[in-house]
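Q: Just so it is clear, I am handing over data.tsv, which has TSV, C-alpha atoms.
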chain	number	residue	atom	x	y	z
A	1	MET	CA	45.11	-123.95	-90.76
A	2	LYS	CA	43.78	-127.28	-89.57
A	3	LYS	CA	46.38	-129.71	-88.22
A	4	PHE	CA	46.11	-133.38	-89.16
A	5	LYS	CA	48.23	-136.37	-88.25
A	6	VAL	CA	48.10	-138.99	-90.99
A	7	THR	CA	49.79	-142.19	-89.86
A	8	VAL	CA	49.73	-145.98	-89.83
A	9	ALA	CA	46.93	-146.98	-87.45
A	10	GLY	CA	47.83	-148.95	-84.33
A	11	LYS	CA	46.33	-150.26	-81.09
A	12	GLU	CA	46.07	-146.72	-79.77
A	13	HIS	CA	43.49	-146.01	-82.49
A	14	LEU	CA	41.12	-148.91	-81.78
A	15	GLY	CA	38.80	-146.56	-79.93
A	16	TYR	CA	37.97	-144.92	-83.26
A	17	VAL	CA	36.66	-148.17	-84.82
A	18	PRO	CA	32.94	-147.42	-84.17
A	19	GLU	CA	33.30	-143.99	-85.83
A	20	ILE	CA	35.14	-145.46	-88.79
A	21	GLU	CA	32.52	-148.19	-89.23
A	22	LYS	CA	29.71	-145.63	-89.05
A	23	ALA	CA	31.41	-143.35	-91.60
A	24	ILE	CA	31.97	-146.18	-94.09
A	25	LEU	CA	28.41	-147.48	-93.61
A	26	SER	CA	26.91	-144.04	-94.23
A	27	ALA	CA	29.01	-143.54	-97.36
A	28	SER	CA	28.16	-147.01	-98.71
A	29	LYS	CA	24.47	-146.10	-98.77
A	30	ILE	CA	25.04	-143.13	-101.08
A	31	LYS	CA	24.77	-143.78	-104.79
A	32	GLY	CA	27.94	-142.71	-106.53
A	33	THR	CA	30.46	-143.75	-103.87
A	34	GLY	CA	30.87	-147.39	-104.86
A	35	LEU	CA	32.02	-148.01	-101.29
A	36	ALA	CA	31.44	-151.42	-99.71
A	37	LYS	CA	30.35	-151.85	-96.10
A	38	ARG	CA	32.92	-153.08	-93.58
A	39	SER	CA	32.25	-154.40	-90.07
A	40	GLY	CA	33.91	-153.12	-86.95
A	41	ASP	CA	35.70	-156.45	-86.57
A	42	TYR	CA	37.11	-156.17	-90.08
A	43	ILE	CA	38.35	-152.63	-89.46
A	44	LYS	CA	39.89	-153.70	-86.14
A	45	GLU	CA	41.67	-156.55	-87.90
A	46	LYS	CA	43.19	-154.21	-90.48
A	47	ILE	CA	44.44	-151.89	-87.74
A	48	LEU	CA	46.00	-154.69	-85.70
A	49	GLU	CA	47.70	-156.05	-88.83
A	50	GLY	CA	49.31	-152.67	-89.43
A	51	LYS	CA	47.43	-152.35	-92.73
A	52	ALA	CA	45.46	-149.16	-92.20
A	53	ILE	CA	46.03	-145.42	-92.39
A	54	ILE	CA	44.16	-143.04	-90.11
A	55	ALA	CA	43.91	-139.26	-90.03
A	56	ILE	CA	43.42	-137.50	-86.70
A	57	PHE	CA	42.60	-133.81	-86.32
A	58	ASP	CA	44.04	-131.83	-83.42
A	59	ASN	CA	45.40	-135.05	-81.85
A	60	LYS	CA	41.94	-136.30	-80.87
A	61	LYS	CA	39.20	-136.19	-83.54
A	62	PHE	CA	38.82	-138.89	-86.20
A	63	ALA	CA	38.99	-137.33	-89.67
A	64	GLY	CA	39.69	-140.04	-92.25
A	65	PHE	CA	40.70	-143.63	-92.91
A	66	CYS	CA	41.88	-146.13	-95.52
A	67	TYR	CA	42.94	-149.78	-95.30
A	68	ILE	CA	45.11	-152.17	-97.29
A	69	GLU	CA	44.24	-155.68	-98.44
A	70	SER	CA	46.21	-158.19	-100.52
A	71	TRP	CA	44.74	-160.64	-103.01
A	72	GLY	CA	45.84	-163.42	-105.34
A	73	HIS	CA	48.69	-164.67	-103.15
A	74	LYS	CA	49.88	-161.11	-102.51
A	75	ARG	CA	50.31	-160.37	-106.23
A	76	PHE	CA	47.66	-157.63	-106.03
A	77	VAL	CA	47.06	-155.00	-103.37
A	78	ALA	CA	44.09	-152.67	-102.96
A	79	ASN	CA	43.90	-149.46	-100.93
A	80	SER	CA	40.22	-149.47	-100.01
A	81	GLY	CA	37.63	-147.87	-97.78
A	82	LEU	CA	38.96	-144.35	-98.28
A	83	ILE	CA	36.77	-142.08	-96.21
A	84	VAL	CA	37.04	-138.44	-95.09
A	85	LEU	CA	34.43	-136.89	-92.82
A	86	ASP	CA	32.35	-134.15	-94.47
A	87	GLU	CA	33.73	-131.37	-92.29
A	88	PHE	CA	37.30	-132.12	-93.40
A	89	ARG	CA	36.75	-132.40	-97.14
A	90	GLY	CA	38.26	-130.01	-99.63
A	91	MET	CA	41.50	-129.75	-97.64
A	92	GLY	CA	43.61	-132.28	-99.51
A	93	LEU	CA	43.24	-134.83	-96.72
A	94	ALA	CA	42.06	-137.64	-99.01
A	95	MET	CA	45.22	-137.23	-101.08
A	96	ASN	CA	47.41	-137.37	-97.98
A	97	ILE	CA	45.69	-140.52	-96.70
A	98	LYS	CA	45.87	-142.22	-100.07
A	99	ARG	CA	49.54	-141.27	-100.49
A	100	GLU	CA	50.43	-142.81	-97.12
A	101	ALA	CA	48.43	-145.95	-97.97
A	102	PHE	CA	50.31	-146.17	-101.27
A	103	LYS	CA	53.67	-145.88	-99.51
A	104	LEU	CA	52.71	-148.48	-96.90
A	105	SER	CA	51.53	-150.85	-99.64
A	106	ARG	CA	54.88	-150.55	-101.40
A	107	ILE	CA	56.69	-151.35	-98.12
A	108	LEU	CA	54.54	-154.35	-97.19
A	109	PHE	CA	54.06	-155.73	-100.71
A	110	PRO	CA	56.94	-154.40	-102.89
A	111	ALA	CA	56.30	-156.80	-105.79
A	112	ALA	CA	52.52	-156.40	-105.94
A	113	LYS	CA	50.41	-154.51	-108.44
A	114	LEU	CA	48.21	-151.89	-106.80
A	115	PHE	CA	44.62	-151.62	-107.98
A	116	GLY	CA	41.28	-150.13	-107.12
A	117	LEU	CA	37.66	-149.79	-108.14
A	118	THR	CA	35.92	-146.45	-107.74
A	119	THR	CA	33.14	-144.23	-109.03
A	120	SER	CA	34.61	-141.16	-107.34
A	121	LEU	CA	36.19	-138.57	-109.64
A	122	VAL	CA	38.27	-137.32	-106.71
A	123	VAL	CA	39.70	-140.79	-106.07
A	124	MET	CA	40.38	-141.25	-109.79
A	125	LYS	CA	42.39	-138.01	-109.82
A	126	ILE	CA	44.30	-139.06	-106.72
A	127	ASN	CA	45.04	-142.49	-108.19
A	128	SER	CA	46.24	-140.92	-111.45
A	129	ALA	CA	48.61	-138.65	-109.52
A	130	LEU	CA	50.07	-141.75	-107.84
A	131	GLY	CA	50.65	-143.54	-111.15
A	132	TYR	CA	47.46	-145.57	-111.56
A	133	GLN	CA	45.93	-145.99	-115.02
A	134	PRO	CA	42.41	-147.07	-116.08
A	135	VAL	CA	42.27	-150.74	-117.11
A	136	THR	CA	39.70	-153.40	-117.96
A	137	PHE	CA	38.42	-155.60	-115.16
A	138	SER	CA	40.28	-158.57	-116.70
A	139	GLU	CA	43.58	-157.02	-115.61
A	140	LEU	CA	42.61	-157.08	-111.94
A	141	THR	CA	42.88	-159.97	-109.51
A	142	ASP	CA	40.76	-163.06	-110.18
A	143	ASP	CA	40.66	-163.81	-106.46
A	144	ASP	CA	37.03	-164.68	-105.66
A	145	GLU	CA	37.41	-163.40	-102.10
A	146	PHE	CA	38.04	-159.87	-103.39
A	147	TRP	CA	34.95	-159.88	-105.58
A	148	LYS	CA	32.82	-161.24	-102.74
A	149	GLY	CA	33.62	-158.00	-100.94
A	150	CYS	CA	31.69	-156.12	-103.61
A	151	LYS	CA	28.41	-157.75	-102.55
A	152	THR	CA	27.66	-154.95	-100.11
A	153	CYS	CA	28.15	-152.28	-102.77
A	154	ALA	CA	25.08	-150.63	-104.31
A	155	TYR	CA	26.30	-151.58	-107.79
A	156	TYR	CA	26.92	-155.28	-107.21
A	157	ASP	CA	23.95	-156.31	-109.36
A	158	ILE	CA	25.64	-154.80	-112.43
A	159	LEU	CA	28.91	-156.57	-111.66
A	160	PHE	CA	27.09	-159.87	-111.16
A	161	ARG	CA	24.98	-159.61	-114.33
A	162	THR	CA	28.06	-158.92	-116.47
A	163	ASN	CA	30.08	-161.77	-114.98
A	164	ARG	CA	32.57	-159.34	-113.40
A	165	THR	CA	33.43	-157.62	-116.68
A	166	HIS	CA	31.58	-154.30	-116.24
A	167	CYS	CA	30.36	-152.02	-113.47
A	168	LEU	CA	29.80	-148.32	-112.82
A	169	CYS	CA	33.15	-148.38	-111.05
A	170	THR	CA	36.33	-147.59	-112.97
A	171	ALA	CA	39.15	-150.11	-112.56
A	172	MET	CA	42.59	-148.57	-112.05
A	173	LEU	CA	45.97	-150.27	-111.79
A	174	CYS	CA	49.53	-149.29	-110.88
A	175	ASP	CA	52.22	-151.78	-111.88
A	176	PRO	CA	55.54	-150.68	-110.30
A	177	ALA	CA	57.45	-152.84	-112.77
A	178	LYS	CA	56.06	-150.75	-115.65
A	179	ALA	CA	55.82	-147.40	-113.94
A	180	GLY	CA	58.79	-145.80	-115.71
A	181	LYS	CA	60.01	-142.67	-113.97
A	182	ASN	CA	57.43	-143.07	-111.24
A	183	GLY	CA	58.66	-146.60	-110.59
A	184	LYS	CA	62.25	-145.37	-110.32
A	185	LYS	CA	61.16	-142.67	-107.90
A	186	ILE	CA	59.38	-145.25	-105.76
A	187	HIS	CA	62.47	-147.45	-105.72
A	188	LYS	CA	64.66	-144.49	-104.77
A	189	ILE	CA	62.61	-143.54	-101.70
A	190	LYS	CA	61.78	-147.10	-100.65
A	191	GLY	CA	64.72	-147.28	-98.23
A	192	GLN	CA	63.69	-144.03	-96.56
A	193	LEU	CA	60.11	-145.20	-96.20
A	194	ILE	CA	61.13	-148.52	-94.67
A	195	ARG	CA	63.39	-146.79	-92.14
A	196	ARG	CA	60.62	-144.36	-91.21
A	197	PHE	CA	58.06	-147.17	-90.91
A	198	VAL	CA	60.32	-149.22	-88.64
A	199	LYS	CA	61.06	-146.17	-86.48
A	200	GLU	CA	57.36	-145.31	-86.08
A	201	LYS	CA	56.39	-148.87	-85.15
A	202	SER	CA	59.29	-149.38	-82.70
Write the structure described by the file as structure tokens, please.

A:
Amino acid sequence: MKKFKVTVAGKEHLGYVPEIEKAILSASKIKGTGLAKRSGDYIKEKILEGKAIIAIFDNKKFAGFCYIESWGHKRFVANSGLIVLDEFRGMGLAMNIKREAFKLSRILFPAAKLFGLTTSLVVMKINSALGYQPVTFSELTDDDEFWKGCKTCAYYDILFRTNRTHCLCTAMLCDPAKAGKNGKKIHKIKGQLIRRFVKEKS
């Protein structure tokens, strides 16, 4: 059984930035991913801010990544750039990365709504398991800076022509305030997550 460490990325992981950038760039060129390009500097910034999750195999090999970004004065949070190398797919790693990104988002931005745009059926299933629901684009952030990030996506022309109302991507949203049982569960484990996060970063 393959052994992965899925954790909040830190300075010790900066050496993996070129690999992460290359993996995201390669995926962004494939129709059907809906993944936007991200520069090495951007990825480095997310890591240094403590807003990224990285998966390492056997304590040395880069396996997957995801980062967190806030929009609309921190009222909305997106877990973006989810990537798993081909050789590690089909092992549940994407779910583990996304779950950790979700937990970190709830710690850093407890009052924010979590959202995402994706064309990936796998990501949609993962989001659904975490409490996300499909919504119209009008329910997402109106922060222009977020939408500018879509310019490097292969489907941006559709988004632009429809004035940000339609795309091949599916919009999904998780509102903790309306999450019912899932929201209560999140609240219940929040204290444990915060203590673990503080311990790992200390």

Q: Select, counting all atoms listed in the file, all protein, DNA and RNA residues no farther than 12 Å from (42.3, -151.5, -115.2) in file coordinates, and express the selection as a VMD selection string.

A: chain A and resid 113 to 118 124 127 to 128 132 to 141 165 to 166 169 to 175

Q: Within 10 Å of Glu49 of chain A, counting all atoms listed in the file, which residues qualify if same-chain residues fewer than 3 places away don't, as a PyMOL selection string?

A: chain A and resi 9-11+43-46+52+68

Q: Taking into account all atoms listed in the file, which residue in the set A:Tyr42, A:Phe146, A:Phe102, A:Phe109 is nearest to Ile126 of chain A?

A: A:Phe102

Q: For atom CA of Glu69 of chain A and atom CA of Ser105 of chain A, determine how far apart the two atoms are, in Å to one decimal place.

A: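 If I compute the distance from atom CA of Glu69 of chain A to atom CA of Ser105 of chain A, I get 8.8 Å.
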
Q: Report the distance between atom CA of Tyr16 of chain A and atom CA of Glu145 of chain A in Å, rounded to one decimal place.

A: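 Pair atom CA of Tyr16 of chain A / atom CA of Glu145 of chain A returns 26.4 Å.
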
Q: Between atom CA of Asp58 of chain A and atom CA of Ile24 of chain A, measure the distance and give it in Å to one decimal.

A: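 Interatomic distance here is 21.6 Å.
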
Q: Tell me, as a list in words, which residues lie within 9 Å of Lys74 of chain A, counting all atoms listed in the file; anything in the same chain fewer than 2 positions away does not count.

A: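 Everything that qualifies: Glu69, Ser70, Trp71, Gly72, Phe76, Val77, Phe109, Ala111, Ala112 and Lys113 of chain A.
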
Q: Name the residues, using the chain letters and numbers of the file, that sit within 9 Å of (33.2, -155.7, -95.7) when counting only C-alpha atoms, and give them as a short mmCIF file (atom, residue, chain, number, x, y, z; two decimals) with C-alpha atoms, in the frame of the given file.

A:
data_model
loop_
_atom_site.label_atom_id
_atom_site.label_comp_id
_atom_site.auth_asym_id
_atom_site.auth_seq_id
_atom_site.Cartn_x
_atom_site.Cartn_y
_atom_site.Cartn_z
CA ALA A 36 31.44 -151.42 -99.71
CA LYS A 37 30.35 -151.85 -96.10
CA ARG A 38 32.92 -153.08 -93.58
CA SER A 39 32.25 -154.40 -90.07
CA TYR A 42 37.11 -156.17 -90.08
CA ILE A 43 38.35 -152.63 -89.46
CA LYS A 148 32.82 -161.24 -102.74
CA GLY A 149 33.62 -158.00 -100.94
CA CYS A 150 31.69 -156.12 -103.61
CA LYS A 151 28.41 -157.75 -102.55
CA THR A 152 27.66 -154.95 -100.11
#
